[in-house]
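Content type JSON, C-alpha atoms, from the file entry11.json:
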```
[["chain", "number", "residue", "atom", "x", "y", "z"],
["A", 1, "MET", "CA", -5.36, 9.67, -17.15],
["A", 2, "SER", "CA", -6.63, 6.22, -16.22],
["A", 3, "TYR", "CA", -4.85, 2.89, -16.07],
["A", 4, "ALA", "CA", -6.62, -0.47, -15.72],
["A", 5, "SER", "CA", -4.60, -2.49, -13.21],
["A", 6, "PRO", "CA", -5.26, -5.97, -11.81],
["A", 7, "LEU", "CA", -6.34, -4.17, -8.61],
["A", 8, "GLY", "CA", -8.78, -1.79, -10.26],
["A", 9, "CYS", "CA", -8.61, 1.52, -12.04],
["A", 10, "LEU", "CA", -5.72, 3.84, -11.22],
["A", 11, "THR", "CA", -5.73, 7.56, -11.87],
["A", 12, "LEU", "CA", -2.50, 9.24, -12.96],
["A", 13, "ALA", "CA", -1.84, 12.98, -12.74],
["A", 14, "SER", "CA", 0.94, 15.11, -14.17],
["A", 15, "ASP", "CA", 2.18, 18.68, -14.18],
["A", 16, "GLY", "CA", 2.81, 18.23, -17.91],
["A", 17, "THR", "CA", 6.34, 16.94, -17.46],
["A", 18, "ALA", "CA", 6.45, 14.66, -14.43],
["A", 19, "LEU", "CA", 4.05, 12.31, -12.66],
["A", 20, "THR", "CA", 2.48, 14.10, -9.68],
["A", 21, "GLY", "CA", -0.07, 11.51, -8.64],
["A", 22, "LEU", "CA", -1.06, 7.86, -8.92],
["A", 23, "TRP", "CA", -4.04, 6.66, -6.91],
["A", 24, "PHE", "CA", -6.54, 3.85, -6.66],
["A", 25, "GLN", "CA", -9.84, 5.55, -7.38],
["A", 26, "ASP", "CA", -11.32, 4.57, -4.01],
["A", 27, "GLN", "CA", -8.33, 5.29, -1.80],
["A", 28, "SER", "CA", -7.89, 7.70, 1.09],
["A", 29, "TYR", "CA", -6.39, 11.08, 0.13],
["A", 30, "TYR", "CA", -7.40, 10.42, -3.47],
["A", 31, "GLY", "CA", -6.45, 13.13, -5.88],
["A", 32, "SER", "CA", -4.92, 15.52, -3.38],
["A", 33, "THR", "CA", -2.65, 16.92, -6.11],
["A", 34, "LEU", "CA", -5.02, 16.42, -9.02],
["A", 35, "LYS", "CA", -6.03, 19.76, -10.52],
["A", 36, "ASP", "CA", -8.66, 18.70, -13.05],
["A", 37, "PRO", "CA", -9.64, 15.02, -13.03],
["A", 38, "SER", "CA", -11.67, 15.46, -16.22],
["A", 39, "GLU", "CA", -8.58, 16.58, -18.14],
["A", 40, "GLU", "CA", -7.26, 13.67, -20.22],
["A", 41, "LYS", "CA", -4.08, 14.57, -22.05],
["A", 42, "GLN", "CA", -1.74, 12.23, -23.81],
["A", 43, "LEU", "CA", 1.67, 13.06, -22.35],
["A", 44, "PRO", "CA", 5.02, 11.27, -22.64],
["A", 45, "VAL", "CA", 5.13, 10.94, -18.83],
["A", 46, "PHE", "CA", 1.88, 8.95, -18.93],
["A", 47, "ASP", "CA", 3.37, 6.66, -21.57],
["A", 48, "ASP", "CA", 6.40, 6.13, -19.30],
["A", 49, "ALA", "CA", 4.23, 5.51, -16.25],
["A", 50, "LYS", "CA", 1.98, 3.05, -18.10],
["A", 51, "ARG", "CA", 5.02, 1.19, -19.43],
["A", 52, "TRP", "CA", 6.41, 1.02, -15.86],
["A", 53, "LEU", "CA", 3.07, -0.28, -14.55],
["A", 54, "ASP", "CA", 2.76, -2.82, -17.39],
["A", 55, "LEU", "CA", 6.18, -4.23, -16.50],
["A", 56, "TYR", "CA", 5.47, -4.22, -12.77],
["A", 57, "PHE", "CA", 2.10, -5.97, -13.05],
["A", 58, "SER", "CA", 3.52, -8.53, -15.51],
["A", 59, "GLY", "CA", 5.98, -9.60, -12.80],
["A", 60, "SER", "CA", 9.04, -7.80, -14.15],
["A", 61, "ILE", "CA", 11.08, -5.32, -12.18],
["A", 62, "PRO", "CA", 11.05, -2.03, -14.10],
["A", 63, "GLU", "CA", 14.62, -0.84, -14.62],
["A", 64, "PHE", "CA", 13.68, 2.79, -15.16],
["A", 65, "MET", "CA", 11.68, 5.42, -13.33],
["A", 66, "PRO", "CA", 9.20, 7.75, -14.99],
["A", 67, "PRO", "CA", 9.84, 11.41, -14.14],
["A", 68, "LEU", "CA", 8.36, 12.14, -10.71],
["A", 69, "CYS", "CA", 7.44, 15.38, -8.96],
["A", 70, "LEU", "CA", 6.81, 14.72, -5.27],
["A", 71, "ARG", "CA", 5.11, 17.74, -3.71],
["A", 72, "GLY", "CA", 4.96, 18.03, 0.04],
["A", 73, "THR", "CA", 6.83, 19.25, 3.07],
["A", 74, "ALA", "CA", 10.56, 18.64, 3.27],
["A", 75, "PHE", "CA", 9.89, 15.90, 5.84],
["A", 76, "ARG", "CA", 7.34, 14.11, 3.65],
["A", 77, "ARG", "CA", 9.56, 14.36, 0.59],
["A", 78, "ARG", "CA", 12.44, 12.82, 2.57],
["A", 79, "VAL", "CA", 10.23, 9.92, 3.66],
["A", 80, "TRP", "CA", 9.10, 9.38, 0.06],
["A", 81, "GLU", "CA", 12.73, 9.46, -1.14],
["A", 82, "ILE", "CA", 13.50, 6.70, 1.36],
["A", 83, "LEU", "CA", 10.54, 4.68, 0.04],
["A", 84, "LEU", "CA", 12.16, 4.78, -3.40],
["A", 85, "THR", "CA", 15.22, 3.01, -1.95],
["A", 86, "ILE", "CA", 13.29, -0.03, -0.68],
["A", 87, "PRO", "CA", 14.09, -2.80, -3.16],
["A", 88, "TYR", "CA", 11.41, -4.79, -4.96],
["A", 89, "GLY", "CA", 10.45, -7.78, -2.81],
["A", 90, "GLU", "CA", 11.71, -6.27, 0.44],
["A", 91, "THR", "CA", 10.09, -4.34, 3.25],
["A", 92, "MET", "CA", 11.12, -1.71, 5.75],
["A", 93, "THR", "CA", 9.42, -0.70, 9.00],
["A", 94, "TYR", "CA", 8.15, 2.73, 9.96],
["A", 95, "GLY", "CA", 10.63, 2.59, 12.84],
["A", 96, "GLU", "CA", 13.55, 1.89, 10.50],
["A", 97, "ILE", "CA", 12.63, 4.89, 8.37],
["A", 98, "ALA", "CA", 12.25, 7.04, 11.50],
["A", 99, "GLY", "CA", 15.66, 5.86, 12.71],
["A", 100, "GLN", "CA", 17.28, 6.71, 9.38],
["A", 101, "ILE", "CA", 15.84, 10.23, 9.42],
["A", 102, "ALA", "CA", 16.84, 10.71, 13.07],
["A", 103, "ARG", "CA", 20.43, 9.73, 12.23],
["A", 104, "GLU", "CA", 20.47, 12.10, 9.25],
["A", 105, "ARG", "CA", 19.26, 14.93, 11.48],
["A", 106, "GLY", "CA", 21.59, 14.08, 14.33],
["A", 107, "ALA", "CA", 18.57, 13.48, 16.55],
["A", 108, "GLU", "CA", 18.20, 10.82, 19.19],
["A", 109, "LYS", "CA", 14.92, 9.59, 17.72],
["A", 110, "MET", "CA", 12.13, 10.40, 15.31],
["A", 111, "SER", "CA", 8.44, 9.60, 15.54],
["A", 112, "ALA", "CA", 7.44, 6.46, 13.64],
["A", 113, "GLN", "CA", 3.89, 7.86, 13.73],
["A", 114, "ALA", "CA", 5.03, 10.97, 11.84],
["A", 115, "VAL", "CA", 6.67, 8.68, 9.30],
["A", 116, "GLY", "CA", 3.39, 6.75, 9.03],
["A", 117, "GLN", "CA", 1.49, 9.96, 8.28],
["A", 118, "ALA", "CA", 3.97, 10.83, 5.53],
["A", 119, "VAL", "CA", 3.82, 7.31, 4.07],
["A", 120, "GLY", "CA", 0.01, 7.45, 4.11],
["A", 121, "HIS", "CA", 0.00, 10.68, 2.13],
["A", 122, "ASN", "CA", 2.34, 9.40, -0.60],
["A", 123, "PRO", "CA", 0.87, 10.93, -3.77],
["A", 124, "ILE", "CA", 2.38, 8.39, -6.20],
["A", 125, "GLY", "CA", 1.34, 4.94, -5.04],
["A", 126, "ILE", "CA", 2.96, 1.72, -6.27],
["A", 127, "ILE", "CA", 5.80, 3.49, -8.12],
["A", 128, "VAL", "CA", 6.81, 5.17, -4.84],
["A", 129, "PRO", "CA", 6.39, 1.89, -2.94],
["A", 130, "CYS", "CA", 4.61, 2.82, 0.29],
["A", 131, "HIS", "CA", 3.14, -0.71, 0.26],
["A", 132, "ARG", "CA", 6.61, -1.99, 1.23],
["A", 133, "VAL", "CA", 6.43, -0.29, 4.64],
["A", 134, "VAL", "CA", 5.24, -2.49, 7.49],
["A", 135, "GLY", "CA", 4.87, -2.21, 11.24],
["A", 136, "THR", "CA", 7.16, -3.61, 13.89],
["A", 137, "GLY", "CA", 7.69, -7.35, 13.51],
["A", 138, "GLY", "CA", 6.32, -7.25, 9.95],
["A", 139, "ASN", "CA", 2.75, -6.51, 11.01],
["A", 140, "LEU", "CA", 0.60, -4.94, 8.33],
["A", 141, "THR", "CA", -0.85, -1.56, 9.12],
["A", 142, "GLY", "CA", -3.12, 0.67, 7.11],
["A", 143, "TYR", "CA", -2.73, 1.41, 3.43],
["A", 144, "ALA", "CA", -4.49, 4.33, 1.74],
["A", 145, "GLY", "CA", -5.50, 2.07, -1.16],
["A", 146, "GLY", "CA", -6.88, -0.58, 1.21],
["A", 147, "LEU", "CA", -5.12, -3.35, 3.12],
["A", 148, "ASP", "CA", -6.31, -5.94, 0.58],
["A", 149, "LYS", "CA", -4.35, -4.11, -2.12],
["A", 150, "LYS", "CA", -1.25, -3.87, 0.09],
["A", 151, "ILE", "CA", -1.39, -7.64, 0.67],
["A", 152, "TRP", "CA", -1.81, -8.25, -3.07],
["A", 153, "LEU", "CA", 1.20, -6.03, -3.91],
["A", 154, "LEU", "CA", 3.42, -7.69, -1.29],
["A", 155, "GLU", "CA", 2.39, -11.16, -2.47],
["A", 156, "HIS", "CA", 2.94, -10.09, -6.08],
["A", 157, "GLU", "CA", 6.50, -9.11, -5.19],
["A", 158, "LYS", "CA", 6.92, -12.19, -2.99],
["A", 159, "ALA", "CA", 8.12, -9.70, -0.39],
["A", 160, "ALA", "CA", 9.85, -10.94, 2.72],
["A", 161, "GLY", "CA", 9.54, -9.44, 6.16],
["A", 162, "TRP", "CA", 5.78, -9.14, 6.60],
["A", 163, "LYS", "CA", 3.05, -11.20, 8.20],
["A", 164, "LYS", "CA", -0.30, -11.85, 6.60],
["A", 165, "GLU", "CA", -2.93, -11.48, 9.29]]
```
Show the structure stored in the file as structure tokens.
Amino acid sequence: MSYASPLGCLTLASDGTALTGLWFQDQSYYGSTLKDPSEEKQLPVFDDAKRWLDLYFSGSIPEFMPPLCLRGTAFRRRVWEILLTIPYGETMTYGEIAGQIARERGAEKMSAQAVGQAVGHNPIGIIVPCHRVVGTGGNLTGYAGGLDKKIWLLEHEKAAGWKKE
């Protein structure tokens, strides 16, 4: 299913019940959970996702979440769950996420680079807000959809805690 966003065409994928993917068509790791990109079905989950995106891009904060199915390792799923807790207009660093997971595991530390890999492979962009994750000191690092899109999304949210380079 396609969605025309202010940043270009997005592709949405579903398992029939929940959203399993949302990508910019030109992004890294595009379609890694998409089974048949030519299959265009009208599903209630796509209606929910499009309504969420319409609200988001109009400047409203969506107060609901379409059904999501995040497929990945337990570590990646935990990182993606943390992304869902980052409030609209705020940012979190890779190191902060790594620290949170380390504390949960009773470990002394966790690799921020491993967190970065998990963030970069987020299959449901925008809704699972990987764009809200920044480097130490608010520095912008890579974004699978392109750094220009990450900047646009952060500016759209008037997000604090990042530096435009």
Choose the residue, out of A:Thr11, A:Thr17, A:Thr93, A:Gln100, that has the smallest atom-to-atom separation from A:Arg78; count only C-alpha atoms. A:Gln100
Residue contacts of stretch 85-88 of chain A (12 Å, only C-alpha atoms) excluding same-chain residues fewer than 3 positions away, as a count of residues only: 33
The distance between atom CA of A:Asn122 and atom CA of A:Phe24 is 12.1 Å
Which protein, DNA or RNA residues are at most 10 Å from (1.6, 3.3, -18.4) in the file's coordinates when you count all atoms listed in the file, listed as a ChimeraX atom specification? /A:1-5,12,44-55,66
Which residue, A:Gly146, A:Cys9, A:Gly138, A:Asp26, has the smallest gap to A:Glu90 when you use all atoms listed in the file?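 Closest to A:Glu90, using all atoms listed in the file: A:Gly138.
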Give me the residues within 10 Å of A:Lys41 as a list in words, counting only C-alpha atoms and dropping any in the same chain fewer than 6 places off. Met1, Ala13, Ser14 and Gly16 of chain A
Rounded to one decimal in Å, what is the spacing between atom CA of A:Leu140 and atom CA of A:Gly21?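 These two atoms are separated by 23.6 Å.
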Å distance separating atom CA of A:Leu70 from atom CA of A:His121, one decimal place: 10.8 Å
Among listed residues A:Phe57, A:Phe64, A:Phe75, A:Tyr143, nearest A:Val115 (using all atoms listed in the file):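 Residue with the minimum atom-to-atom distance to A:Val115: A:Phe75.
Proximity ranking of A:Arg103, A:Lys150, A:Lys109, A:Arg71 relative to A:Lys163 places A:Lys150 first, based on all atoms listed in the file.
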Considering all atoms listed in the file, state which residue in the set A:Gly106, A:Leu10, A:Gly89, A:Ala118 is at the smallest distance from A:Ala74.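 Going through A:Gly106, A:Leu10, A:Gly89, A:Ala118 one by one, the smallest distance to A:Ala74 is for A:Ala118.
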In terms of the shortest atom-to-atom distance over all atoms listed in the file, which of A:Leu83, A:Ile124, A:Ala102, A:Leu7 is closest to A:Leu68?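 The answer is A:Ile124, which sits nearest to A:Leu68.
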Take stretch 123-135 of chain A from the preceding structure and save all heavy atoms as a CSV table (one decimal), in the first residue's frame.
```csv
chain,number,residue,atom,x,y,z
A,123,PRO,N,11.6,-1.5,11.1
A,123,PRO,CA,10.8,-1.7,9.9
A,123,PRO,C,9.6,-0.8,9.8
A,123,PRO,O,9.0,-0.8,8.7
A,123,PRO,CB,10.4,-3.2,10.2
A,123,PRO,CG,10.3,-3.3,11.6
A,123,PRO,CD,11.4,-2.5,12.2
A,124,ILE,N,9.3,0.0,10.8
A,124,ILE,CA,8.1,0.8,10.7
A,124,ILE,C,8.5,2.3,11.0
A,124,ILE,O,8.3,2.8,12.1
A,124,ILE,CB,7.0,0.3,11.7
A,124,ILE,CG1,6.7,-1.1,11.4
A,124,ILE,CG2,5.7,1.2,11.6
A,124,ILE,CD1,5.7,-1.8,12.3
A,125,GLY,N,9.1,2.9,10.0
A,125,GLY,CA,9.6,4.3,10.2
A,125,GLY,C,8.4,5.3,10.6
A,125,GLY,O,7.2,5.0,10.4
A,126,ILE,N,8.8,6.4,11.1
A,126,ILE,CA,7.9,7.5,11.5
A,126,ILE,C,7.0,7.1,12.6
A,126,ILE,O,7.1,7.7,13.7
A,126,ILE,CB,7.1,8.1,10.3
A,126,ILE,CG1,8.1,8.6,9.2
A,126,ILE,CG2,6.3,9.3,10.8
A,126,ILE,CD1,7.4,9.0,7.9
A,127,ILE,N,6.2,6.1,12.5
A,127,ILE,CA,5.3,5.7,13.6
A,127,ILE,C,6.1,5.1,14.7
A,127,ILE,O,5.8,5.5,15.9
A,127,ILE,CB,4.2,4.7,13.1
A,127,ILE,CG1,3.3,5.4,12.1
A,127,ILE,CG2,3.5,4.1,14.2
A,127,ILE,CD1,2.3,4.4,11.4
A,128,VAL,N,7.1,4.3,14.5
A,128,VAL,CA,8.1,3.9,15.5
A,128,VAL,C,9.2,4.9,15.2
A,128,VAL,O,10.0,4.8,14.3
A,128,VAL,CB,8.5,2.5,15.3
A,128,VAL,CG1,9.6,2.1,16.3
A,128,VAL,CG2,7.3,1.5,15.4
A,129,PRO,N,9.3,5.9,16.1
A,129,PRO,CA,10.1,7.2,15.7
A,129,PRO,C,11.6,7.1,15.9
A,129,PRO,O,12.2,7.7,16.7
A,129,PRO,CB,9.5,8.2,16.7
A,129,PRO,CG,9.1,7.4,17.9
A,129,PRO,CD,8.6,6.1,17.4
A,130,CYS,N,12.2,6.3,15.0
A,130,CYS,CA,13.7,6.2,15.0
A,130,CYS,C,14.3,7.5,14.7
A,130,CYS,O,15.5,7.8,15.0
A,130,CYS,CB,14.1,5.1,14.1
A,130,CYS,SG,13.5,5.2,12.4
A,131,HIS,N,13.6,8.4,14.0
A,131,HIS,CA,14.1,9.8,13.7
A,131,HIS,C,14.4,10.6,15.0
A,131,HIS,O,15.2,11.6,14.9
A,131,HIS,CB,13.2,10.5,12.7
A,131,HIS,CG,11.8,10.8,13.3
A,131,HIS,ND1,10.8,9.8,13.3
A,131,HIS,CD2,11.3,11.9,13.9
A,131,HIS,CE1,9.8,10.3,13.8
A,131,HIS,NE2,10.0,11.6,14.2
A,132,ARG,N,13.8,10.2,16.1
A,132,ARG,CA,14.0,10.9,17.3
A,132,ARG,C,15.3,10.5,18.1
A,132,ARG,O,15.6,11.0,19.2
A,132,ARG,CB,12.8,10.8,18.2
A,132,ARG,CG,11.5,11.4,17.7
A,132,ARG,CD,10.3,11.2,18.6
A,132,ARG,NE,9.1,11.6,17.9
A,132,ARG,CZ,7.9,11.1,18.1
A,132,ARG,NH1,7.8,10.2,19.0
A,132,ARG,NH2,6.9,11.6,17.4
A,133,VAL,N,16.1,9.6,17.5
A,133,VAL,CA,17.3,9.2,18.1
A,133,VAL,C,18.5,9.9,17.5
A,133,VAL,O,18.6,10.0,16.3
A,133,VAL,CB,17.5,7.7,18.0
A,133,VAL,CG1,18.8,7.2,18.7
A,133,VAL,CG2,16.3,6.9,18.6
A,134,VAL,N,19.3,10.5,18.4
A,134,VAL,CA,20.4,11.3,17.9
A,134,VAL,C,21.7,10.9,18.6
A,134,VAL,O,21.6,10.1,19.6
A,134,VAL,CB,20.2,12.8,18.2
A,134,VAL,CG1,19.0,13.4,17.5
A,134,VAL,CG2,20.0,13.1,19.7
A,135,GLY,N,22.8,11.3,18.1
A,135,GLY,CA,24.1,11.0,18.7
A,135,GLY,C,24.4,11.8,20.0
A,135,GLY,O,23.6,12.7,20.3
```
